[in-house]
file input22.cif (mmCIF, C-alpha atoms and all ligand atoms)
data_final
#
loop_
_atom_site.label_atom_id
_atom_site.label_comp_id
_atom_site.auth_asym_id
_atom_site.auth_seq_id
_atom_site.Cartn_x
_atom_site.Cartn_y
_atom_site.Cartn_z
CA LEU X 1 -30.13 19.54 -37.91
CA ARG X 2 -29.21 20.48 -41.45
CA HIS X 3 -29.66 24.19 -40.85
CA VAL X 4 -28.96 24.52 -37.15
CA VAL X 5 -26.41 27.06 -35.93
CA VAL X 6 -24.84 26.42 -32.52
CA ALA X 7 -23.01 29.46 -31.13
CA VAL X 8 -20.37 28.63 -28.53
CA ASP X 9 -18.84 31.65 -26.78
CA GLY X 10 -16.84 31.89 -23.58
CA THR X 11 -13.58 32.63 -21.87
CA SER X 12 -10.12 31.51 -23.04
CA GLY X 13 -9.34 27.89 -22.26
CA SER X 14 -12.82 27.08 -20.92
CA GLY X 15 -13.16 23.94 -23.03
CA LYS X 16 -15.03 25.63 -25.90
CA SER X 17 -12.97 24.00 -28.64
CA SER X 18 -13.09 20.42 -27.39
CA THR X 19 -16.79 20.77 -26.64
CA SER X 20 -17.61 22.34 -30.01
CA ARG X 21 -15.65 19.77 -31.98
CA GLY X 22 -17.14 16.89 -29.99
CA VAL X 23 -20.69 18.14 -30.48
CA ALA X 24 -20.16 18.78 -34.20
CA SER X 25 -18.69 15.37 -34.84
CA ARG X 26 -21.42 13.58 -32.87
CA LEU X 27 -24.18 15.40 -34.72
CA GLY X 28 -22.57 15.38 -38.16
CA LEU X 29 -22.28 19.17 -38.24
CA ARG X 30 -19.50 21.37 -39.59
CA TYR X 31 -17.26 23.29 -37.18
CA LEU X 32 -15.79 26.80 -37.38
CA ASP X 33 -13.07 28.00 -35.00
CA THR X 34 -13.25 31.79 -35.26
CA GLY X 35 -10.45 32.17 -32.70
CA ALA X 36 -8.14 30.43 -35.16
CA MET X 37 -9.03 33.07 -37.75
CA TYR X 38 -8.05 35.94 -35.42
CA ARG X 39 -4.92 33.99 -34.49
CA ALA X 40 -4.07 33.62 -38.18
CA VAL X 41 -4.42 37.37 -38.70
CA ALA X 42 -2.19 38.01 -35.66
CA TRP X 43 0.36 35.51 -36.99
CA TRP X 44 0.34 37.28 -40.38
CA MET X 45 0.82 40.72 -38.75
CA LEU X 46 3.78 39.40 -36.72
CA SER X 47 5.31 37.73 -39.76
CA ARG X 48 5.08 41.00 -41.73
CA GLY X 49 6.66 43.01 -38.91
CA VAL X 50 3.49 45.00 -38.14
CA ASP X 51 3.42 46.45 -34.61
CA VAL X 52 0.44 44.55 -33.14
CA HIS X 53 0.07 47.10 -30.35
CA ASP X 54 -0.48 49.91 -32.85
CA PRO X 55 -4.17 49.72 -33.86
CA ALA X 56 -3.69 52.10 -36.80
CA ALA X 57 -0.86 49.97 -38.19
CA VAL X 58 -2.96 46.80 -37.85
CA ALA X 59 -6.03 48.50 -39.37
CA ALA X 60 -4.01 49.69 -42.36
CA ARG X 61 -3.16 46.11 -43.33
CA ALA X 62 -6.31 44.34 -42.12
CA GLY X 63 -7.49 43.78 -45.69
CA GLU X 64 -4.42 41.85 -46.82
CA PRO X 65 -4.25 38.37 -45.25
CA VAL X 66 -6.39 35.79 -47.05
CA ILE X 67 -7.76 33.41 -44.42
CA VAL X 68 -9.38 30.07 -45.29
CA SER X 69 -10.86 27.80 -42.59
CA GLY X 70 -11.56 24.09 -43.03
CA THR X 71 -14.76 23.00 -41.25
CA ASP X 72 -14.17 19.29 -40.51
CA PRO X 73 -14.51 18.95 -36.70
CA LEU X 74 -12.08 16.04 -36.66
CA ALA X 75 -9.37 17.86 -38.62
CA PRO X 76 -9.86 21.64 -38.61
CA THR X 77 -7.36 23.52 -40.75
CA ILE X 78 -6.51 27.17 -41.23
CA THR X 79 -4.47 28.76 -43.99
CA VAL X 80 -3.21 32.30 -44.54
CA ASP X 81 -2.30 33.20 -48.11
CA GLY X 82 -2.39 29.47 -48.82
CA VAL X 83 0.03 28.48 -46.02
CA ASP X 84 -1.24 26.09 -43.33
CA VAL X 85 -0.56 27.80 -39.98
CA SER X 86 -2.47 25.40 -37.69
CA VAL X 87 0.61 24.85 -35.52
CA GLU X 88 2.12 28.36 -35.65
CA ILE X 89 -1.06 30.05 -34.40
CA ARG X 90 -0.73 28.32 -31.00
CA SER X 91 2.66 29.90 -30.17
CA ASP X 92 3.29 32.18 -27.18
CA ALA X 93 3.95 35.06 -29.56
CA VAL X 94 0.50 34.65 -31.13
CA ASN X 95 -1.14 34.14 -27.71
CA ALA X 96 0.23 37.55 -26.71
CA ALA X 97 -0.62 39.30 -30.00
CA VAL X 98 -4.09 37.97 -30.80
CA SER X 99 -6.29 39.96 -28.39
CA PRO X 100 -4.90 43.38 -29.34
CA VAL X 101 -5.22 42.46 -33.03
CA ALA X 102 -8.77 41.15 -32.55
CA ALA X 103 -9.76 44.43 -30.85
CA VAL X 104 -9.15 46.39 -34.07
CA PRO X 105 -12.56 47.12 -35.70
CA GLU X 106 -11.25 46.76 -39.28
CA VAL X 107 -10.03 43.24 -38.45
CA ARG X 108 -13.36 42.27 -36.89
CA THR X 109 -15.50 43.59 -39.74
CA ARG X 110 -13.58 41.50 -42.23
CA MET X 111 -13.57 38.34 -40.09
CA VAL X 112 -17.29 38.57 -39.29
CA GLN X 113 -18.05 38.82 -43.01
CA LEU X 114 -15.96 35.72 -43.71
CA GLN X 115 -17.53 33.84 -40.80
CA ARG X 116 -21.05 34.57 -42.02
CA ALA X 117 -20.08 33.31 -45.47
CA VAL X 118 -18.87 30.01 -43.97
CA ILE X 119 -21.98 29.66 -41.80
CA GLY X 120 -24.14 30.08 -44.90
CA GLU X 121 -27.27 27.96 -44.54
CA GLY X 122 -26.12 26.53 -41.20
CA GLY X 123 -25.49 22.96 -40.09
CA ILE X 124 -22.55 24.19 -38.05
CA VAL X 125 -21.09 24.70 -34.58
CA VAL X 126 -19.31 28.07 -34.40
CA GLU X 127 -16.93 28.85 -31.60
CA GLY X 128 -15.65 32.27 -30.47
CA ARG X 129 -16.37 35.29 -28.29
CA ASP X 130 -19.09 37.20 -30.15
CA ILE X 131 -20.91 34.50 -32.11
CA GLY X 132 -24.24 34.61 -30.25
CA SER X 133 -24.15 38.38 -29.87
CA THR X 134 -22.85 39.58 -33.25
CA VAL X 135 -21.91 36.97 -35.84
CA ALA X 136 -25.01 34.77 -35.62
CA PRO X 137 -27.58 36.45 -33.35
CA ASP X 138 -30.28 34.15 -34.78
CA ALA X 139 -28.45 30.96 -33.75
CA GLN X 140 -30.95 28.41 -32.40
CA VAL X 141 -28.59 27.31 -29.62
CA LYS X 142 -26.29 29.73 -27.77
CA LEU X 143 -23.85 28.70 -25.09
CA PHE X 144 -21.61 30.68 -22.80
CA VAL X 145 -18.85 28.37 -21.58
CA THR X 146 -16.70 29.21 -18.56
CA ALA X 147 -14.46 27.38 -16.08
CA ASP X 148 -12.37 28.26 -13.03
CA PRO X 149 -9.07 29.93 -13.99
CA ALA X 150 -7.13 27.22 -12.14
CA ALA X 151 -8.87 24.42 -14.05
CA ARG X 152 -8.42 26.25 -17.35
CA ALA X 153 -4.72 26.87 -16.81
CA GLN X 154 -4.12 23.27 -15.80
CA ARG X 155 -5.90 21.82 -18.84
CA ARG X 156 -4.30 24.25 -21.28
CA ALA X 157 -0.78 23.80 -19.89
CA ALA X 158 -1.21 20.01 -20.17
CA GLU X 159 -2.45 20.38 -23.79
CA GLU X 160 0.60 22.46 -24.57
CA GLY X 161 2.84 19.64 -23.39
CA GLY X 162 3.63 20.77 -19.87
CA SER X 163 3.87 24.57 -20.15
CA ASP X 164 4.19 26.51 -16.92
CA VAL X 165 0.75 26.57 -15.25
CA ALA X 166 1.17 30.01 -13.63
CA ALA X 167 2.32 31.62 -16.90
CA THR X 168 -0.53 29.92 -18.80
CA ARG X 169 -3.02 31.23 -16.24
CA GLU X 170 -1.71 34.79 -16.66
CA SER X 171 -1.87 34.51 -20.45
CA LEU X 172 -5.51 33.27 -20.37
CA LEU X 173 -6.62 35.92 -17.88
CA ASN X 174 -4.87 38.65 -19.80
CA ARG X 175 -6.72 37.68 -22.98
CA ASP X 176 -10.04 37.58 -21.10
CA ARG X 177 -9.35 41.08 -19.77
CA ILE X 178 -8.67 42.54 -23.22
CA ASP X 179 -11.51 40.57 -24.88
CA SER X 180 -14.06 41.68 -22.25
CA GLY X 181 -12.95 45.31 -22.25
CA ARG X 182 -12.75 46.11 -25.96
CA ALA X 183 -15.15 48.60 -27.56
CA VAL X 184 -16.37 46.45 -30.47
CA SER X 185 -18.13 43.11 -29.77
CA PRO X 186 -16.67 42.46 -26.33
CA LEU X 187 -16.89 39.01 -24.78
CA THR X 188 -20.29 38.95 -23.08
CA MET X 189 -23.03 36.43 -22.54
CA ALA X 190 -25.47 36.80 -25.45
CA GLU X 191 -29.17 37.23 -24.87
CA GLY X 192 -30.76 33.79 -24.59
CA ALA X 193 -27.46 31.98 -24.01
CA VAL X 194 -27.18 29.00 -21.67
CA HIS X 195 -24.32 29.36 -19.18
CA LEU X 196 -22.20 26.21 -18.82
CA ASP X 197 -19.56 26.19 -16.10
CA THR X 198 -17.46 23.18 -17.11
CA THR X 199 -15.22 23.14 -14.00
CA PRO X 200 -16.73 20.06 -12.29
CA TYR X 201 -17.53 18.08 -15.46
CA THR X 202 -15.63 15.79 -17.79
CA LEU X 203 -15.52 16.66 -21.48
CA ASP X 204 -17.93 13.81 -22.29
CA GLU X 205 -20.45 15.08 -19.75
CA VAL X 206 -20.34 18.55 -21.25
CA ILE X 207 -20.69 17.20 -24.80
CA ASP X 208 -23.70 15.07 -23.74
CA ARG X 209 -25.38 18.10 -22.21
CA VAL X 210 -24.87 20.23 -25.33
CA VAL X 211 -25.96 17.46 -27.70
CA GLY X 212 -29.15 17.25 -25.63
CA LEU X 213 -29.72 21.00 -25.97
CA VAL X 214 -29.21 20.90 -29.74
CA GLU X 215 -31.47 17.87 -30.22
CA ALA X 216 -34.18 19.57 -28.19
CA VAL X 217 -34.38 22.44 -30.70
CA GLU X 218 -35.15 20.35 -33.71
O1 LIG X 301 -10.65 30.97 -29.06
P1 LIG X 301 -9.20 31.40 -28.95
O2 LIG X 301 -8.74 31.45 -27.53
O3 LIG X 301 -8.29 30.66 -29.85
O4 LIG X 301 -9.24 32.91 -29.49
C1 LIG X 301 -8.06 33.68 -29.52
C2 LIG X 301 -8.41 35.15 -29.42
O5 LIG X 301 -9.12 35.57 -30.59
C3 LIG X 301 -9.33 35.54 -28.28
O6 LIG X 301 -8.60 35.74 -27.07
C4 LIG X 301 -9.92 36.85 -28.80
O7 LIG X 301 -9.02 37.93 -28.62
C5 LIG X 301 -10.04 36.60 -30.28
N1 LIG X 301 -11.38 36.21 -30.68
C6 LIG X 301 -12.32 37.19 -30.86
N2 LIG X 301 -13.56 36.88 -31.34
C7 LIG X 301 -13.89 35.63 -31.61
C8 LIG X 301 -12.94 34.58 -31.42
C9 LIG X 301 -11.70 34.91 -30.92
O8 LIG X 301 -12.04 38.35 -30.61
N3 LIG X 301 -15.09 35.36 -32.12
#

call {"tool": "encode", "arguments": {"input": "input22.cif", "output": "structure tokens"}}
result
Amino acid sequence: LRHVVVAVDGTSGSGKSSTSRGVASRLGLRYLDTGAMYRAVAWWMLSRGVDVHDPAAVAARAGEPVIVSGTDPLAPTITVDGVDVSVEIRSDAVNAAVSPVAAVPEVRTRMVQLQRAVIGEGGIVVEGRDIGSTVAPDAQVKLFVTADPAARAQRRAAEEGGSDVAATRESLLNRDRIDSGRAVSPLTMAEGAVHLDTTPYTLDEVIDRVVGLVEAVE
């Protein structure tokens, strides 16, 4: 599995992160959370006072933030200009800003380049929206992970320490809408991807299934 690339795409809050991290740690692979990279860019734009709903303003500064992702599945980290923003990127403000920022082509071009550099020779589980379609179209395993909106909102609100379930649901669905409708690399199921609806399964069941798929390739 030294060179395998596992592409995990899907909707917001579907269980992609927990699944990807679990699979990577069980198989001794690295892990890259590309959503965290877009979140870090959105956080940087907000912190610099850039209007995140103005694509030209975002594009003009897309080259500035220096994003570095750690790839340990048990302790993923993300820094912008050397500052660890792992906690800040999960705020409501970033939740609302990230999809419009991620829809800006100049932001995507730069992030995809960085992501490919991290993937390098492989041995990695990469999570996002466009990994199987755009970032790593040659990935040996491609997954498209979804779950019922109600299940997603419940899990995510619990993770966030008891946030309002209805508001969480709206936030997830709003991101899905923007991510699926954008012009560049929209969220879609990549050619050859396996669709996993995680609604009825426990995390361990989903991880077992994916580990089986990855082991079957090698
Ligand atoms: O995965 P997560 O929900 O943290 O991603 C946050 C946002 O980043 C997504 O809603 C999407 O707008 C953007 N994203 C993307 N392409 C990726 C990963 C994330 O556009 N590969």

call {"tool": "residues_near_ligand", "arguments": {"input": "input22.cif", "ligand": "ligand LIG 301 (chain X)", "cutoff": "6 Å", "atoms": "all atoms listed in the file", "output": "NGL selection string"}}
result
:X and (12 or 34-36 or 38-39 or 98-99 or 102 or 128-131 or 175 or 179)

call {"tool": "write_last_selection", "arguments": {"input": "input22.cif", "atoms": "C-alpha atoms", "output": "PDB file, keeping the file's coordinate frame"}}
result
ATOM      1  CA  SER X  12     -10.120  31.510 -23.040  1.00  0.00           C
ATOM      2  CA  THR X  34     -13.250  31.790 -35.260  1.00  0.00           C
ATOM      3  CA  GLY X  35     -10.450  32.170 -32.700  1.00  0.00           C
ATOM      4  CA  ALA X  36      -8.140  30.430 -35.160  1.00  0.00           C
ATOM      5  CA  TYR X  38      -8.050  35.940 -35.420  1.00  0.00           C
ATOM      6  CA  ARG X  39      -4.920  33.990 -34.490  1.00  0.00           C
ATOM      7  CA  VAL X  98      -4.090  37.970 -30.800  1.00  0.00           C
ATOM      8  CA  SER X  99      -6.290  39.960 -28.390  1.00  0.00           C
ATOM      9  CA  ALA X 102      -8.770  41.150 -32.550  1.00  0.00           C
ATOM     10  CA  GLY X 128     -15.650  32.270 -30.470  1.00  0.00           C
ATOM     11  CA  ARG X 129     -16.370  35.290 -28.290  1.00  0.00           C
ATOM     12  CA  ASP X 130     -19.090  37.200 -30.150  1.00  0.00           C
ATOM     13  CA  ILE X 131     -20.910  34.500 -32.110  1.00  0.00           C
ATOM     14  CA  ARG X 175      -6.720  37.680 -22.980  1.00  0.00           C
ATOM     15  CA  ASP X 179     -11.510  40.570 -24.880  1.00  0.00           C
TER      16      ASP X 179
END

call {"tool": "closest_residue", "arguments": {"input": "input22.cif", "among": "X:Gly15, X:Pro100, X:Pro65, X:Gly28", "to": "X:His3", "atoms": "all atoms listed in the file"}}
result
X:Gly28

call {"tool": "closest_atom_pairs", "arguments": {"input": "input22.cif", "of": "stretch 58-170 of chain X", "to": "stretch 196-211 of chain X", "cutoff": "10 Å", "atoms": "only C-alpha atoms", "output": "tab-separated table"}}
result
residue	atom	partner	partner_atom	distance
X:Val141	CA	X:Val210	CA	9.1
X:Lys142	CA	X:Val210	CA	9.9
X:Leu143	CA	X:Leu196	CA	6.9
X:Phe144	CA	X:Leu196	CA	6.0
X:Val145	CA	X:Leu196	CA	4.8
X:Thr146	CA	X:Asp197	CA	4.8
X:Ala147	CA	X:Thr199	CA	4.8
X:Asp148	CA	X:Thr199	CA	5.9
X:Pro149	CA	X:Thr199	CA	9.2
X:Ala150	CA	X:Thr199	CA	9.2
X:Ala151	CA	X:Thr199	CA	6.5
X:Arg152	CA	X:Thr199	CA	8.2

call {"tool": "atom_distance", "arguments": {"input": "input22.cif", "atom1": "atom CA of X:Val94", "atom2": "atom CA of X:Val50"}}
result
12.9 Å

call {"tool": "residues_near_point", "arguments": {"input": "input22.cif", "point": "(-21.9, 20.0, -38.4)", "cutoff": "9 Å", "atoms": "all atoms listed in the file", "output": "list in words"}}
result
Leu1, Arg2, Val4, Val5, Arg21, Val23, Ala24, Ser25, Arg26, Leu27, Gly28, Leu29, Arg30, Tyr31, Thr71, Asp72, Pro73, Gly122, Gly123, Ile124 and Val125 of chain X

call {"tool": "residues_around", "arguments": {"input": "input22.cif", "residues": "X:Ala93", "least_positions_apart": "4", "cutoff": "10 Å", "atoms": "only C-alpha atoms", "output": "ChimeraX atom specification"}}
result
/X:42-43,46,88-89,97-98

call {"tool": "residues_around", "arguments": {"input": "input22.cif", "residues": "stretch 107-120 of chain X", "least_positions_apart": "6", "cutoff": "7 Å", "atoms": "all atoms listed in the file", "output": "ChimeraX atom specification"}}
result
/X:59,62,135

call {"tool": "write_last_selection", "arguments": {"input": "input22.cif", "atoms": "C-alpha atoms", "output": "PDB file, keeping the file's coordinate frame"}}
result
ATOM      1  CA  ALA X  59      -6.030  48.500 -39.370  1.00  0.00           C
ATOM      2  CA  ALA X  62      -6.310  44.340 -42.120  1.00  0.00           C
ATOM      3  CA  VAL X 135     -21.910  36.970 -35.840  1.00  0.00           C
TER       4      VAL X 135
END

call {"tool": "atom_distance", "arguments": {"input": "input22.cif", "atom1": "atom CA of X:Ala103", "atom2": "atom CA of X:Val165"}}
result
25.9 Å

call {"tool": "atom_distance", "arguments": {"input": "input22.cif", "atom1": "atom CA of X:Ala75", "atom2": "atom CA of X:Arg90"}}
result
15.6 Å
